[in-house]
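See structure below.
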Amino acid sequence: MAKKKGASRKPSRQQGSGIRLAIWITVAVVALLVLITIISLIQQSQDKKPVAFDDPPSVEGQPIMGDPNAPVTVVEFGDYKCPSCKYWDINLLPKLKADYIDTGKVRYVFINVPFQGEESVLAALASEAVLAEHPEAFWDYHHALFAAQPVDNRPWVTTDKLLELADEVGIDRDKLAQSLMAQGTQEAVQADNALHNAYRIQYTPTIMVDNLMLPDPFDYEAIRAAIEERLGASE
Ligand code: CA
């Protein structure tokens with residue numbers, strides 16, 4: 001049936017509060033799911049031990065935060081679409097930065113693991129383009145990507161969003177747009193894929209301290225202990 005001409009298209013007050021309630025329920029459910037994922041990762045990891053690989057991952061061509069010649073390397077295998085990686089970026093990286101990166105003891109490296117489909121790949125391509133064209137702005141863009149990830153992780157990685165974030169961190173949006181159109185950083189993303197396959201990454205974030213893969217990315221004390229052990233060995 002056609003709508004009466006001139007009838008209001010605005011939702012009624014009752015519909016409006018129903019929509020708000022639905023949004024709040026969605027946000028609460030997603031927040032709960034993130035919490036359950038983190039708790040289950042911690043529980044799964046409690047019985048597991050760190051895995052020592054023969055060699056640490058190559059960091060050639062990767063973004064490095066801190067002194068490139070720092071004695072210890074911490075690698076995060078992560079995904080911009082991953083809520084637990086956003087949690088890590090906000091809650092654990094600042095501690096690592098203050099304790100070890102800013103003091104020149106650790107260099108920190110991020111390697112893409114685009115586990116969550118096309119959006120993950122698009123965000124990875126954009127981050128690699130920023131690294132190639134504006135390496136000085138890479139970490140600002142990296143944090144802006146995580147900050148832009150909505151709490152309910154609904155679809156959010158679009159070319160427009162990625163260009164908007166370029167504006168936010170003061171870099172050339174046209175260059176980024178061209179790179180995204182041409183998929184100019186596909187090789188860099190493929191190189192990251194080869195690395196996470198070689199290290200058999202099962203979940204994100206995965207944290208490595210030199211050649212040691214830690215079972216619980218959220219156990220900062222274990223990360224600290226592994227770094228201290230390496231620092232002691234390098235003295
Ligand atoms: Ca990379």
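Naming scheme: A, B, ... for chains in displayed order of the structure tokens; residues 1 onward per chain; ligands 1 onward as shown.
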Environment of ligand 1 within 12 Å, counting only C-alpha atoms and all ligand atoms, reported as a PyMOL selection string: chain A and resi 57-64+75-79+109-114+121+123-132+138+142+185-196
Backbone DSSP call of alpha helix (DSSP H) for stretch 21-118 of chain A, listed as number ranges by chain: A: 21-46, 83-91, 93-96, 118
Among listed residues A:Pro56, A:Gly104, A:Pro150, A:Pro155, nearest A:Asp210 (using only C-alpha atoms): A:Pro56
All residues 8 Å or closer to stretch 67-70 of chain A, only C-alpha atoms, same chain fewer than 5 positions away omitted, as number ranges by chain: A: 101, 104-107
Same residues, N, CA and C atoms, saved as a PDB file, in the first residue's frame:
ATOM      1  N   ILE A 101      60.521  -0.076  24.555  1.00  0.00           N
ATOM      2  CA  ILE A 101      60.786   0.488  23.213  1.00  0.00           C
ATOM      3  C   ILE A 101      61.426   1.870  23.363  1.00  0.00           C
ATOM      4  N   GLY A 104      65.052   1.918  24.277  1.00  0.00           N
ATOM      5  CA  GLY A 104      66.045   1.409  23.319  1.00  0.00           C
ATOM      6  C   GLY A 104      66.380  -0.065  23.468  1.00  0.00           C
ATOM      7  N   LYS A 105      65.589  -0.778  24.305  1.00  0.00           N
ATOM      8  CA  LYS A 105      65.924  -2.197  24.521  1.00  0.00           C
ATOM      9  C   LYS A 105      65.202  -3.118  23.551  1.00  0.00           C
ATOM     10  N   VAL A 106      64.064  -2.643  23.046  1.00  0.00           N
ATOM     11  CA  VAL A 106      63.241  -3.477  22.160  1.00  0.00           C
ATOM     12  C   VAL A 106      62.877  -2.696  20.903  1.00  0.00           C
ATOM     13  N   ARG A 107      62.902  -3.389  19.777  1.00  0.00           N
ATOM     14  CA  ARG A 107      62.279  -2.837  18.554  1.00  0.00           C
ATOM     15  C   ARG A 107      61.025  -3.672  18.321  1.00  0.00           C
TER      16      ARG A 107
END
Contacts of A:Glu229 within 12 Å, only C-alpha atoms, excl. fewer than 6 positions in-chain, as a PyMOL selection string: chain A and resi 71-72+209-210+212+222-223+235
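Considering only C-alpha atoms, the residue among A:Ile207, A:Ala28, A:Ala137, A:Leu21 positioned nearest to A:Trp88 is A:Ile207.
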DSSP strand (DSSP E) selection over stretch 126-220 of chain A, as an MDAnalysis selection string: chainID A and resid 206:209 212:213
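Counting from atom CA of A:Lys95, the distance to atom CA of A:Pro217 is 13.3 Å.
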Within 9 Å of A:Val51 using only C-alpha atoms, minus same-chain residues under 6 positions, as a count of residues only: 5
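Every protein or nucleic acid residue with an atom no more than 8 Å from A:Phe218, counting only C-alpha atoms and leaving out same-chain residues fewer than 2 positions away, appears here: Ile42, Trp88, Leu92, Asp216 and Tyr220 of chain A.
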Could you write those residues out with N, CA and C atoms, as a PDB file, in the first residue's frame?
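Saved result, out.pdb, follows:
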ATOM      1  N   ILE A  42      43.211 -16.998  26.916  1.00  0.00           N
ATOM      2  CA  ILE A  42      44.053 -17.092  28.116  1.00  0.00           C
ATOM      3  C   ILE A  42      43.972 -18.514  28.684  1.00  0.00           C
ATOM      4  N   TRP A  88      44.953  -5.200  22.248  1.00  0.00           N
ATOM      5  CA  TRP A  88      46.407  -5.264  22.482  1.00  0.00           C
ATOM      6  C   TRP A  88      47.045  -3.902  22.218  1.00  0.00           C
ATOM      7  N   LEU A  92      48.214  -3.105  25.843  1.00  0.00           N
ATOM      8  CA  LEU A  92      49.527  -3.702  26.128  1.00  0.00           C
ATOM      9  C   LEU A  92      50.685  -2.963  25.471  1.00  0.00           C
ATOM     10  N   ASP A 216      50.366 -16.838  25.319  1.00  0.00           N
ATOM     11  CA  ASP A 216      49.303 -15.918  25.727  1.00  0.00           C
ATOM     12  C   ASP A 216      49.719 -14.477  25.422  1.00  0.00           C
ATOM     13  N   TYR A 220      51.311  -9.951  30.041  1.00  0.00           N
ATOM     14  CA  TYR A 220      52.420  -8.999  29.913  1.00  0.00           C
ATOM     15  C   TYR A 220      53.626  -9.444  30.744  1.00  0.00           C
TER      16      TYR A 220
END
A:Ala147 environment, 12 Å, only C-alpha atoms, sequence neighbours closer than 2 positions dropped, as an MDAnalysis selection string: chainID A and resid 80:83 85:90 140:145 149:151 153 156 161 165 168
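The two atoms in question, atom CA of A:Glu133 and atom CA of A:Leu176, are spaced 8.3 Å apart.
The smallest atom-to-atom distance between A:Asp172 and any of A:Thr26, A:Ala198, A:Ile38, A:His134, using only C-alpha atoms, is found for A:His134.
With atom CA of A:Lys48 on one side and atom CA of A:Tyr199 on the other, the separation reads 16.5 Å.
Counting only C-alpha atoms and comparing A:Leu93, A:Val74, A:Val157, A:Val169, the residue that lies closest to A:Ile227 is A:Val74.
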